[in-house]
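One file, query-v5.txt, is given below (compact mmCIF, C-alpha atoms).
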# COMPACT_ATOMS: atom_id res chain seq x y z
CA MET G 16 -7.42 29.94 -17.00
CA THR G 17 -5.82 28.28 -13.97
CA ALA G 18 -2.05 28.09 -13.61
CA ILE G 19 -0.49 24.63 -13.23
CA ARG G 20 3.16 24.61 -12.22
CA TYR G 21 5.18 21.52 -13.05
CA GLN G 22 8.94 21.53 -12.46
CA ASP G 23 9.92 25.06 -13.53
CA ARG G 24 7.22 25.62 -16.11
CA THR G 25 3.72 27.06 -15.88
CA PHE G 26 0.82 25.79 -17.97
CA ASP G 27 -2.60 27.38 -18.47
CA CYS G 28 -5.42 25.00 -17.67
CA ALA G 29 -8.65 25.98 -19.45
CA PRO G 30 -11.95 25.87 -17.51
CA GLY G 31 -13.13 22.25 -17.42
CA GLN G 32 -9.80 20.97 -18.73
CA THR G 33 -8.03 18.25 -16.73
CA VAL G 34 -4.49 18.54 -15.40
CA LEU G 35 -3.64 15.49 -17.51
CA ASP G 36 -4.89 17.07 -20.75
CA CYS G 37 -3.29 20.40 -19.89
CA LEU G 38 0.17 18.94 -19.16
CA THR G 39 0.03 16.46 -22.05
CA ALA G 40 -0.88 19.27 -24.46
CA GLY G 41 2.11 21.18 -23.09
CA GLY G 42 4.45 18.32 -23.95
CA VAL G 43 4.83 16.80 -20.47
CA ALA G 44 4.91 12.98 -20.54
CA VAL G 45 2.38 12.02 -17.85
CA PRO G 46 1.63 8.28 -17.77
CA SER G 47 -2.06 7.56 -18.32
CA SER G 48 -4.34 4.75 -19.37
CA CYS G 49 -8.09 4.73 -18.71
CA ARG G 50 -8.50 8.52 -18.44
CA ALA G 51 -11.60 7.83 -16.36
CA GLY G 52 -10.31 8.01 -12.79
CA VAL G 53 -10.08 4.27 -12.48
CA CYS G 54 -6.68 2.81 -13.31
CA GLN G 55 -4.59 5.30 -11.28
CA SER G 56 -1.83 5.34 -13.91
CA CYS G 57 -1.87 9.16 -13.94
CA LEU G 58 -1.20 9.52 -10.20
CA MET G 59 0.41 12.87 -9.39
CA ARG G 60 1.05 14.83 -6.21
CA ALA G 61 0.02 18.40 -5.43
CA GLU G 62 2.92 20.13 -3.72
CA GLU G 63 0.96 23.37 -3.38
CA GLY G 64 -2.68 24.23 -3.83
CA GLU G 65 -6.03 22.57 -3.24
CA VAL G 66 -7.06 19.54 -5.28
CA PRO G 67 -10.81 19.07 -6.00
CA ALA G 68 -12.27 16.12 -4.04
CA ALA G 69 -13.31 14.43 -7.30
CA ALA G 70 -9.62 14.06 -8.22
CA GLN G 71 -9.00 11.95 -5.09
CA ALA G 72 -12.05 9.68 -5.37
CA GLY G 73 -11.04 6.06 -4.88
CA LEU G 74 -7.54 6.81 -3.60
CA LYS G 75 -6.30 5.31 -0.36
CA PRO G 76 -6.66 7.77 2.54
CA THR G 77 -2.87 7.62 2.96
CA LEU G 78 -2.42 8.80 -0.64
CA ALA G 79 -5.05 11.52 -0.37
CA ALA G 80 -3.52 12.77 2.89
CA GLN G 81 -0.25 13.38 1.08
CA GLY G 82 -1.86 15.38 -1.71
CA TYR G 83 -1.87 12.64 -4.31
CA PHE G 84 -4.55 12.93 -6.99
CA LEU G 85 -5.52 11.56 -10.39
CA ALA G 86 -4.53 13.98 -13.15
CA CYS G 87 -7.27 12.72 -15.49
CA SER G 88 -10.02 13.60 -12.98
CA CYS G 89 -8.52 16.86 -11.76
CA ARG G 90 -10.23 20.00 -13.06
CA PRO G 91 -8.52 22.57 -10.85
CA GLN G 92 -10.38 25.63 -9.51
CA ALA G 93 -7.22 27.27 -8.15
CA PRO G 94 -3.52 27.26 -9.07
CA LEU G 95 -1.62 24.04 -8.38
CA THR G 96 2.02 23.03 -8.21
CA VAL G 97 2.26 19.37 -9.16
CA ALA G 98 4.87 16.61 -9.40
CA LEU G 99 5.03 13.07 -10.68
CA PRO G 100 5.21 10.58 -7.79
CA ASP G 101 8.55 9.12 -8.80
CA ALA G 102 10.23 12.50 -9.21
CA GLU G 103 13.64 12.64 -7.53
CA ARG G 104 13.07 13.33 -3.87
CA LEU G 105 14.88 16.09 -2.10
CA ARG G 106 18.21 15.02 -0.64
CA MET G 107 19.52 16.57 2.53
CA ALA G 108 22.34 16.28 5.02
CA ALA G 109 21.80 14.65 8.40
CA GLU G 110 23.89 14.09 11.51
CA VAL G 111 24.16 10.70 13.18
CA VAL G 112 23.01 11.32 16.77
CA SER G 113 23.50 7.78 18.08
CA ILE G 114 23.88 4.14 17.10
CA GLU G 115 22.61 1.61 19.64
CA PRO G 116 22.43 -2.18 19.33
CA LEU G 117 18.88 -3.60 19.53
CA ASN G 118 19.98 -7.24 19.29
CA ALA G 119 22.92 -9.18 17.82
CA ASP G 120 22.10 -8.15 14.22
CA ILE G 121 20.11 -4.93 14.39
CA VAL G 122 21.09 -1.40 15.45
CA ALA G 123 18.92 1.67 15.99
CA VAL G 124 20.35 4.70 14.18
CA LYS G 125 19.10 8.12 15.25
CA LEU G 126 19.49 10.92 12.74
CA LYS G 127 19.03 14.67 12.90
CA PRO G 128 18.22 16.11 9.47
CA SER G 129 19.74 19.47 8.57
CA GLN G 130 16.32 20.85 7.67
CA GLN G 131 12.78 20.36 8.96
CA MET G 132 11.36 17.16 7.55
CA ALA G 133 7.62 16.45 7.62
CA TYR G 134 7.06 12.71 7.87
CA ARG G 135 4.78 10.04 9.29
CA ALA G 136 5.92 7.07 11.36
CA GLY G 137 6.12 4.05 9.04
CA GLN G 138 7.27 6.01 5.99
CA PHE G 139 10.82 5.38 4.83
CA ILE G 140 13.90 7.45 4.10
CA ARG G 141 16.79 6.62 1.81
CA LEU G 142 20.21 6.54 3.46
CA TYR G 143 23.20 7.15 1.19
CA LYS G 144 26.53 5.48 1.85
CA ASP G 145 27.85 7.37 -1.16
CA PRO G 146 26.19 8.78 -4.30
CA ALA G 147 26.07 5.32 -5.89
CA GLN G 148 24.92 3.23 -2.93
CA SER G 149 21.86 3.76 -0.81
CA ARG G 150 19.11 1.78 0.91
CA CYS G 151 15.61 2.57 2.15
CA TYR G 152 14.85 2.24 5.86
CA SER G 153 11.49 2.65 7.55
CA LEU G 154 11.03 5.22 10.28
CA ALA G 155 10.36 3.91 13.80
CA SER G 156 10.16 7.43 15.20
CA VAL G 157 7.02 9.55 15.63
CA PRO G 158 7.38 13.28 14.92
CA GLU G 159 5.22 14.28 17.91
CA LEU G 160 7.04 11.94 20.35
CA ASP G 161 10.66 11.72 19.26
CA ASP G 162 13.37 14.33 18.79
CA HIS G 163 15.17 12.50 16.01
CA LEU G 164 14.54 10.22 13.07
CA GLU G 165 15.08 6.58 14.02
CA ILE G 166 15.75 3.66 11.68
CA HIS G 167 16.58 0.01 12.44
CA VAL G 168 19.39 -1.44 10.36
CA ARG G 169 19.99 -5.17 10.24
CA ALA G 170 23.47 -6.38 9.30
CA VAL G 171 22.78 -8.17 6.02
CA PRO G 172 25.53 -10.69 5.21
CA GLY G 173 27.63 -9.02 2.50
CA GLY G 174 25.41 -5.92 2.67
CA GLN G 175 27.23 -2.84 1.41
CA VAL G 176 25.18 -0.20 3.16
CA SER G 177 24.22 -2.16 6.29
CA GLY G 178 27.84 -3.33 6.69
CA TRP G 179 28.98 0.27 6.52
CA VAL G 180 26.38 1.34 9.10
CA HIS G 181 27.38 -1.46 11.48
CA ARG G 182 31.17 -1.27 11.10
CA GLU G 183 32.04 2.30 10.19
CA LEU G 184 29.29 4.76 11.00
CA ARG G 185 29.70 6.64 14.31
CA ALA G 186 27.73 9.20 16.29
CA GLY G 187 28.57 12.68 15.03
CA ASP G 188 29.14 11.58 11.42
CA ALA G 189 27.47 13.51 8.61
CA VAL G 190 25.43 11.48 6.11
CA GLU G 191 23.03 12.18 3.24
CA ILE G 192 19.40 11.09 3.30
CA ALA G 193 16.44 11.54 0.98
CA ASP G 194 13.11 12.89 2.21
CA SER G 195 10.53 10.46 3.56
CA SER G 196 8.03 8.73 1.34
CA GLY G 197 5.79 5.68 1.39
CA LEU G 198 2.18 5.00 2.24
CA CYS G 199 2.48 2.58 5.15
CA PHE G 200 1.37 4.84 8.01
CA TYR G 201 -1.52 5.53 10.40
CA VAL G 202 -4.36 7.84 9.39
CA ASP G 203 -6.75 8.84 12.18
CA ASP G 204 -9.93 8.85 10.11
CA ARG G 205 -11.52 5.89 11.93
CA PRO G 206 -10.34 5.84 15.56
CA GLU G 207 -12.56 2.85 16.49
CA GLN G 208 -11.21 0.57 13.77
CA PRO G 209 -9.32 -2.55 14.95
CA LEU G 210 -5.68 -2.55 13.82
CA LEU G 211 -3.54 -5.58 13.07
CA LEU G 212 0.22 -5.14 12.65
CA LEU G 213 2.46 -8.02 11.56
CA GLY G 214 6.22 -7.91 11.20
CA THR G 215 9.41 -9.94 11.30
CA GLY G 216 12.94 -8.89 12.22
CA SER G 217 13.71 -5.22 11.58
CA GLY G 218 10.27 -4.99 9.97
CA LEU G 219 9.30 -3.99 13.51
CA ALA G 220 10.68 -0.49 12.85
CA PRO G 221 7.67 0.96 10.97
CA LEU G 222 5.23 -0.95 13.18
CA TYR G 223 6.87 0.38 16.34
CA GLY G 224 6.33 3.86 14.93
CA ILE G 225 2.78 3.25 13.70
CA VAL G 226 1.59 1.72 17.00
CA ARG G 227 2.93 4.62 19.05
CA ASP G 228 1.57 7.12 16.51
CA ALA G 229 -1.91 5.57 16.62
CA LEU G 230 -2.03 5.41 20.44
CA ASN G 231 -0.67 8.94 20.71
CA GLN G 232 -3.37 10.19 18.35
CA GLY G 233 -6.01 8.63 20.60
CA HIS G 234 -6.86 5.51 18.63
CA ARG G 235 -9.68 3.81 20.55
CA GLY G 236 -10.10 0.47 18.72
CA PRO G 237 -8.08 -2.63 19.62
CA VAL G 238 -4.47 -2.68 18.36
CA TRP G 239 -2.73 -6.05 17.91
CA LEU G 240 1.00 -6.21 17.18
CA TYR G 241 2.63 -9.53 16.25
CA HIS G 242 6.42 -9.50 16.00
CA GLY G 243 8.26 -12.61 14.95
CA SER G 244 11.75 -13.98 14.46
CA THR G 245 13.34 -17.40 14.24
CA GLY G 246 14.22 -17.34 17.95
CA PRO G 247 13.53 -15.18 21.04
CA GLN G 248 16.88 -13.40 20.70
CA GLY G 249 15.77 -11.97 17.32
CA LEU G 250 13.04 -9.90 18.96
CA TYR G 251 13.77 -6.47 20.43
CA ARG G 252 12.12 -3.48 22.14
CA THR G 253 10.19 -6.14 24.05
CA GLY G 254 10.36 -4.23 27.34
CA GLU G 255 9.14 -0.98 25.78
CA LEU G 256 6.28 -2.72 23.97
CA ALA G 257 5.24 -4.67 27.07
CA ALA G 258 5.21 -1.40 29.03
CA LEU G 259 3.13 0.23 26.29
CA ALA G 260 0.64 -2.65 26.55
CA GLU G 261 0.47 -2.08 30.33
CA ARG G 262 -0.46 1.56 29.80
CA HIS G 263 -2.95 0.89 26.98
CA PRO G 264 -5.37 -1.98 27.77
CA ASP G 265 -6.50 -2.11 24.12
CA PHE G 266 -2.96 -2.62 22.84
CA HIS G 267 -1.89 -6.27 22.62
CA TYR G 268 1.70 -7.30 21.96
CA VAL G 269 2.38 -10.87 20.81
CA ARG G 270 5.90 -12.30 20.41
CA CYS G 271 6.34 -15.20 17.99
CA VAL G 272 9.24 -17.59 17.31
CA SER G 273 9.20 -19.75 14.19
CA GLU G 274 12.03 -22.22 15.00
CA GLY G 275 12.54 -24.56 17.93
CA GLU G 276 10.34 -24.72 20.99
CA ALA G 277 8.60 -21.51 21.98
CA PRO G 278 9.57 -20.47 25.54
CA ALA G 279 6.91 -19.28 28.00
CA GLY G 280 5.49 -15.94 26.83
CA PHE G 281 6.19 -16.65 23.14
CA ARG G 282 3.89 -18.06 20.46
CA PRO G 283 5.17 -20.77 18.10
CA GLY G 284 5.12 -20.12 14.34
CA THR G 285 5.14 -16.97 12.25
CA PRO G 286 3.29 -13.78 13.21
CA LEU G 287 0.87 -14.56 10.38
CA ASP G 288 0.10 -18.02 11.83
CA ALA G 289 -0.57 -16.54 15.26
CA ALA G 290 -2.63 -13.62 13.96
CA CYS G 291 -4.79 -15.84 11.72
CA ALA G 292 -5.48 -18.16 14.66
CA ASP G 293 -6.47 -15.25 16.92
CA HIS G 294 -8.42 -13.25 14.31
CA PRO G 295 -9.96 -15.48 11.64
CA VAL G 296 -12.38 -12.71 10.58
CA LEU G 297 -10.92 -9.32 9.66
CA ASP G 298 -13.97 -7.50 8.31
CA GLY G 299 -13.44 -3.79 8.92
CA TRP G 300 -9.85 -4.16 10.18
CA ARG G 301 -6.86 -2.15 9.04
CA VAL G 302 -3.75 -4.26 8.48
CA PHE G 303 -0.05 -3.34 8.34
CA LEU G 304 2.52 -5.86 7.06
CA CYS G 305 6.29 -5.33 7.25
CA GLY G 306 9.37 -7.48 7.01
CA HIS G 307 9.96 -10.74 5.19
CA PRO G 308 8.59 -10.34 1.61
CA GLU G 309 6.94 -13.76 1.70
CA LEU G 310 5.14 -12.87 4.93
CA VAL G 311 3.98 -9.61 3.36
CA ARG G 312 2.72 -11.34 0.20
CA LYS G 313 0.93 -14.14 2.08
CA GLY G 314 -0.34 -11.75 4.72
CA ARG G 315 -1.88 -9.45 2.13
CA MET G 316 -3.74 -12.35 0.53
CA GLN G 317 -4.88 -13.90 3.83
CA ALA G 318 -5.99 -10.59 5.33
CA PHE G 319 -8.02 -9.85 2.22
CA LEU G 320 -9.61 -13.29 2.12
CA ALA G 321 -10.39 -12.96 5.85
CA GLY G 322 -12.46 -9.88 5.01
CA ALA G 323 -10.14 -6.85 5.24
CA SER G 324 -10.80 -4.32 2.50
CA MET G 325 -7.99 -3.90 -0.05
CA ALA G 326 -7.80 -0.20 0.75
CA ASP G 327 -7.18 -1.06 4.41
CA ILE G 328 -4.15 -3.31 3.83
CA HIS G 329 -0.82 -1.49 3.99
CA ALA G 330 2.59 -3.00 3.41
CA ASP G 331 6.21 -1.98 3.28
CA PRO G 332 6.57 -1.31 -0.42
CA PHE G 333 10.19 -2.27 -0.87
CA VAL G 334 12.04 -5.56 -0.62
CA PRO G 335 15.04 -5.37 1.71
CA SER G 336 18.28 -5.82 -0.14
CA GLY G 337 19.95 -9.14 0.55
CA GLY G 338 17.19 -11.38 -0.80
CA LEU G 339 14.44 -13.43 0.73
CA ALA G 340 16.49 -15.77 2.91
CA ALA G 341 18.50 -12.90 4.35
CA ALA G 342 15.37 -10.91 5.11
CA ALA G 343 14.12 -13.51 7.60
CA MET S 20 -30.56 7.38 -16.65
CA SER S 21 -27.68 5.22 -17.82
CA LEU S 22 -27.05 1.70 -16.54
CA TYR S 23 -23.95 2.99 -14.72
CA GLU S 24 -26.01 5.63 -12.89
CA GLN S 25 -28.79 3.17 -12.08
CA ILE S 26 -26.33 0.78 -10.44
CA GLY S 27 -24.83 3.61 -8.41
CA GLY S 28 -21.78 4.80 -10.36
CA ASP S 29 -18.32 4.97 -8.86
CA ALA S 30 -19.55 4.25 -5.32
CA ALA S 31 -21.12 0.99 -6.54
CA VAL S 32 -17.88 0.01 -8.26
CA ASN S 33 -15.94 0.67 -5.06
CA ALA S 34 -18.41 -1.41 -3.06
CA ALA S 35 -18.29 -4.22 -5.61
CA VAL S 36 -14.57 -4.51 -6.23
CA ASP S 37 -13.56 -6.08 -2.89
CA ILE S 38 -16.52 -8.47 -2.90
CA PHE S 39 -15.93 -9.49 -6.52
CA TYR S 40 -12.16 -9.93 -6.17
CA ARG S 41 -12.57 -11.93 -2.94
CA LYS S 42 -15.09 -14.25 -4.66
CA VAL S 43 -12.70 -14.77 -7.57
CA LEU S 44 -9.75 -15.56 -5.26
CA ARG S 45 -11.88 -18.04 -3.29
CA ASP S 46 -13.16 -19.76 -6.46
CA ASP S 47 -11.02 -22.86 -7.03
CA ARG S 48 -12.14 -23.04 -10.67
CA ILE S 49 -10.33 -19.81 -11.55
CA ASN S 50 -8.15 -18.54 -8.70
CA ARG S 51 -4.98 -20.05 -10.18
CA PHE S 52 -5.18 -17.37 -12.89
CA PHE S 53 -5.13 -14.64 -10.25
CA THR S 54 -2.47 -15.75 -7.76
CA GLY S 55 1.14 -14.73 -8.03
CA VAL S 56 0.27 -11.23 -9.28
CA ASP S 57 0.52 -7.96 -7.40
CA MET S 58 -2.79 -7.72 -5.55
CA GLU S 59 -3.08 -3.95 -5.57
CA ARG S 60 -2.44 -3.71 -9.30
CA GLN S 61 -4.87 -6.57 -9.84
CA ALA S 62 -7.54 -4.79 -7.77
CA ALA S 63 -7.14 -1.63 -9.88
CA LYS S 64 -7.67 -3.75 -13.00
CA GLN S 65 -10.74 -5.39 -11.46
CA LYS S 66 -12.10 -1.92 -10.81
CA ALA S 67 -11.57 -0.89 -14.40
CA PHE S 68 -13.29 -4.07 -15.56
CA LEU S 69 -16.29 -3.54 -13.26
CA THR S 70 -16.64 0.08 -14.37
CA MET S 71 -16.74 -1.09 -17.97
CA ALA S 72 -19.20 -3.91 -17.22
CA PHE S 73 -21.46 -1.47 -15.34
CA GLY S 74 -21.62 0.66 -18.48
CA GLY S 75 -19.36 3.34 -16.99
CA PRO S 76 -16.58 5.47 -18.50
CA ASN S 77 -13.77 3.43 -20.01
CA ASN S 78 -11.64 3.18 -23.06
CA TYR S 79 -11.12 -0.55 -23.13
CA SER S 80 -10.43 -1.83 -26.63
CA GLY S 81 -10.71 -5.34 -27.97
CA LEU S 82 -6.97 -5.25 -28.65
CA ASP S 83 -6.22 -4.39 -24.99
CA MET S 84 -8.39 -7.32 -23.93
CA ARG S 85 -6.56 -9.71 -26.24
CA ARG S 86 -3.11 -8.53 -25.19
CA GLY S 87 -4.00 -8.45 -21.50
CA HIS S 88 -5.24 -12.04 -21.44
CA ALA S 89 -3.00 -13.78 -24.00
CA HIS S 90 -0.68 -15.19 -21.30
CA LEU S 91 -3.72 -16.63 -19.49
CA VAL S 92 -5.10 -18.19 -22.68
CA ALA S 93 -1.70 -19.86 -23.05
CA GLN S 94 -2.22 -21.26 -19.52
CA GLY S 95 -5.56 -22.79 -20.55
CA LEU S 96 -8.09 -19.99 -19.97
CA ASN S 97 -11.32 -21.07 -21.68
CA ASP S 98 -15.11 -20.55 -21.82
CA SER S 99 -15.72 -22.36 -18.52
CA HIS S 100 -13.43 -19.90 -16.72
CA PHE S 101 -15.08 -16.94 -18.42
CA ASP S 102 -18.46 -18.28 -17.31
CA ALA S 103 -17.18 -18.59 -13.73
CA VAL S 104 -16.08 -14.94 -13.71
CA VAL S 105 -19.47 -13.78 -15.01
CA GLU S 106 -21.14 -15.94 -12.35
CA ASN S 107 -19.05 -14.27 -9.62
CA LEU S 108 -19.94 -10.89 -11.09
CA GLY S 109 -23.66 -11.71 -10.89
CA ALA S 110 -23.33 -13.03 -7.32
CA THR S 111 -21.50 -9.84 -6.31
CA LEU S 112 -24.29 -7.63 -7.64
CA LYS S 113 -26.93 -9.85 -6.03
CA GLU S 114 -25.13 -9.39 -2.70
CA LEU S 115 -25.33 -5.63 -3.25
CA ASN S 116 -29.08 -5.89 -3.89
CA VAL S 117 -28.85 -4.81 -7.53
CA PRO S 118 -32.11 -5.78 -9.34
CA ASP S 119 -31.97 -8.81 -11.64
CA SER S 120 -32.85 -6.73 -14.71
CA LEU S 121 -29.70 -4.62 -14.22
CA ILE S 122 -27.57 -7.70 -13.47
CA ALA S 123 -28.68 -9.13 -16.80
CA GLN S 124 -27.54 -5.95 -18.57
CA VAL S 125 -24.13 -6.10 -16.83
CA ALA S 126 -23.75 -9.75 -17.82
CA ALA S 127 -24.58 -8.82 -21.41
CA ILE S 128 -21.84 -6.16 -21.47
CA ALA S 129 -19.33 -8.60 -19.97
CA GLU S 130 -20.39 -11.11 -22.61
CA THR S 131 -19.30 -8.73 -25.40
CA THR S 132 -15.68 -9.17 -24.27
CA ARG S 133 -15.67 -12.99 -24.35
CA ASN S 134 -14.05 -13.51 -27.74
CA ASP S 135 -11.36 -10.90 -27.13
CA VAL S 136 -10.57 -12.20 -23.63
CA LEU S 137 -10.32 -15.78 -24.88
CA GLY S 138 -8.38 -14.79 -28.01
CA LYS S 139 -10.95 -16.23 -30.40
Take the structure in the file and write it out as structure tokens.
Amino acid sequence: MTAIRYQDRTFDCAPGQTVLDCLTAGGVAVPSSCRAGVCQSCLMRAEEGEVPAAAQAGLKPTLAAQGYFLACSCRPQAPLTVALPDAERLRMAAEVVSIEPLNADIVAVKLKPSQQMAYRAGQFIRLYKDPAQSRCYSLASVPELDDHLEIHVRAVPGGQVSGWVHRELRAGDAVEIADSSGLCFYVDDRPEQPLLLLGTGSGLAPLYGIVRDALNQGHRGPVWLYHGSTGPQGLYRTGELAALAERHPDFHYVRCVSEGEAPAGFRPGTPLDAACADHPVLDGWRVFLCGHPELVRKGRMQAFLAGASMADIHADPFVPSGGLAAAA
Amino acid sequence: MSLYEQIGGDAAVNAAVDIFYRKVLRDDRINRFFTGVDMERQAAKQKAFLTMAFGGPNNYSGLDMRRGHAHLVAQGLNDSHFDAVVENLGATLKELNVPDSLIAQVAAIAETTRNDVLGK
């Protein structure tokens, strides 16, 4: 018998029995469908213990790296503590270290969590205005490079949380956040692989983190970042990114403006337009898409049709509050 | 050795799913049935379908097939579209150098779902 811990209960898993069968027999409602390691309905996460490799077959490397596994294919050899992926994430207190404007609409908020938080650049945290109102923001910071968590908050017209951040929040304030999650981050399993990162507006935040994370981890393949906005004034961190490109010859930073005439140094159109023109074939590339939901949806389709493998296309999983027009 | 093992099991399904899904999305005869849906969820479904068609582990039922495709039948899904999917499936396996005799067996398994998929 192998012990499986779920929430505060322990279940005995018989030799050869799957975690799914063990928990289901014990009365735990674990979603499942094919029971053959295919549909991924029974995705769970190991919080402690080693998961057999067979239970992670077919999962994205980002999922496997976080301990996710398929309960229907998991015949554990050693005790495991498991959780469902949508289980309520740990909330914690954090201190606002600084709030700095990045452009007319977007501020960088630096936060110091009250407890150690393991995260990857490009994951997101939830920021609570109060117990009823919260929003998710992607992390632009890299644990190995930055002292604090950093998020980029755009002032959404009528936005409850973003309005509060822009108008009321001050350095030194105490806030509540929820632990990081999300699968849009760099994994260093193929350091030669070309990377393509596309974003609009504050969708730069995760990409800014991922690019610096990849370069810091010694990524050797070419890295292309396309950041777009309606006009040049919507772009930010341009100096830092240009300096990064100076230091890393394989890192290419392309600024795009989708309205009006593009000034010298800017490309006309969306980041997707520019990237597709530069890289019509994406066989073997890894692609990150963040920002405007329509850009993410179209980008996913175009990257796939251009040859990128589905498992290599990562996107911000949540739609910014405020709707499509506001997200531009 | 089962058909699934002869084709190459789970690794073969993983190799086939991107190629197959990309062919389907590029095929103007049928791609309208596949746009506007979440691509990742769709890819997981394609994988389940390929596993079943390769003779692998599955618990697909005729009822699932009917329910899962009823909204597409309402949009005009018919035999010609089913044929196009089977054609893309065969082309995918050909690209992966699967012998014709095995491709014929896969096509025969896919064929068993025709009436359920088309709600006949």
Do you have, as JSON lines, the list of residues of segment 215-304 of chain G lying at most 6 Å from segment 120-137 of chain G, each with its nearest atom pair and that distance in Å to one decimal, counting all atoms listed in the file and ordered by chain then number?
{"residue": "G:Pro221", "atom": "CA", "partner": "G:Gly137", "partner_atom": "CA", "distance": 4.0}
{"residue": "G:Gly224", "atom": "CA", "partner": "G:Ala136", "partner_atom": "CA", "distance": 4.8}
{"residue": "G:Ile225", "atom": "CA", "partner": "G:Ala136", "partner_atom": "CA", "distance": 5.5}
With only C-alpha atoms as the atoms that count, which of S:Val117, S:Ile49, S:Ala123, S:Ile38 lies nearest to Ala62 of chain S?
S:Ile38
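Separating atom CA of Val202 of chain G from atom CA of Leu74 of chain G is a distance of 13.4 Å.
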Give me the chain G side of the contact with chain S, cut-off 9 Å, one line per residue showing its nearest atom pair and distance in Å at one decimal, counting all atoms listed in the file, sorted by chain and residue number, as a Markdown table.
| residue | atom | partner | partner_atom | distance |
| --- | --- | --- | --- | --- |
| G:Ser48 | CA | S:Asn78 | CA | 8.3 |
| G:Cys49 | CA | S:Asn78 | CA | 5.8 |
| G:Arg50 | CA | S:Asn77 | CA | 7.5 |
| G:Ala51 | CA | S:Pro76 | CA | 5.9 |
| G:Gly52 | CA | S:Pro76 | CA | 8.9 |
| G:Val53 | CA | S:Ala67 | CA | 5.7 |
| G:Cys54 | CA | S:Ala63 | CA | 5.6 |
| G:Gln55 | CA | S:Ala63 | CA | 7.5 |
| G:Ala72 | CA | S:Asp29 | CA | 8.6 |
| G:Gly73 | CA | S:Asn33 | CA | 7.3 |
| G:Arg312 | CA | S:Asp57 | CA | 8.6 |
| G:Arg315 | CA | S:Met58 | CA | 7.9 |
| G:Met316 | CA | S:Met58 | CA | 7.7 |
| G:Phe319 | CA | S:Arg41 | CA | 7.2 |
| G:Leu320 | CA | S:Arg41 | CA | 6.0 |
| G:Gly322 | CA | S:Arg41 | CA | 8.2 |
| G:Ala323 | CA | S:Asp37 | CA | 8.9 |
| G:Ser324 | CA | S:Asp37 | CA | 6.3 |
| G:Met325 | CA | S:Asp37 | CA | 6.6 |
| G:Ala326 | CA | S:Glu59 | CA | 8.7 |
One decimal, in Å: what's the spacing between atom CA of Phe303 of chain G and atom CA of Leu210 of chain G?
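We find that atom CA of Phe303 of chain G and atom CA of Leu210 of chain G lie 7.9 Å from each other.
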In Å to one decimal, how far is atom CA of Val176 of chain G from atom CA of Ser244 of chain G?
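Separating atom CA of Ser244 of chain G from atom CA of Val176 of chain G is a distance of 22.3 Å.
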Segment 125-130 of chain S: which residues within 12 Å, counting only C-alpha atoms, same-chain residues fewer than 3 positions away excluded, as a ChimeraX atom specification?
/S:21-23,25-26,68-75,79,84,98,101-113,117-122,133-137
Go through G:Gly254, G:Gly216, G:Pro100, G:Pro286 one by one, measure the shortest atom-to-atom distance of each to Gly197 of chain G using all atoms listed in the file, and give the residue with the smallest value.
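Checking each of G:Gly254, G:Gly216, G:Pro100, G:Pro286 against Gly197 of chain G, counting all atoms listed in the file, the winner is G:Pro100.
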Taking all atoms listed in the file into account, name the residue in G:Thr25, G:Ser149, G:Ser156, G:Ser273 that is nearest to Pro247 of chain G.
G:Ser273
Any idea what's packed within 8 Å of Pro30 of chain G, counting only C-alpha atoms, ignoring anything in its chain fewer than 5 positions away? Could you give it as a PDB file with C-alpha atoms, keeping the file's coordinate frame?
ATOM      1  CA  MET G  16      -7.420  29.940 -17.000  1.00  0.00           C
ATOM      2  CA  THR G  17      -5.820  28.280 -13.970  1.00  0.00           C
ATOM      3  CA  ARG G  90     -10.230  20.000 -13.060  1.00  0.00           C
TER       4      ARG G  90
END
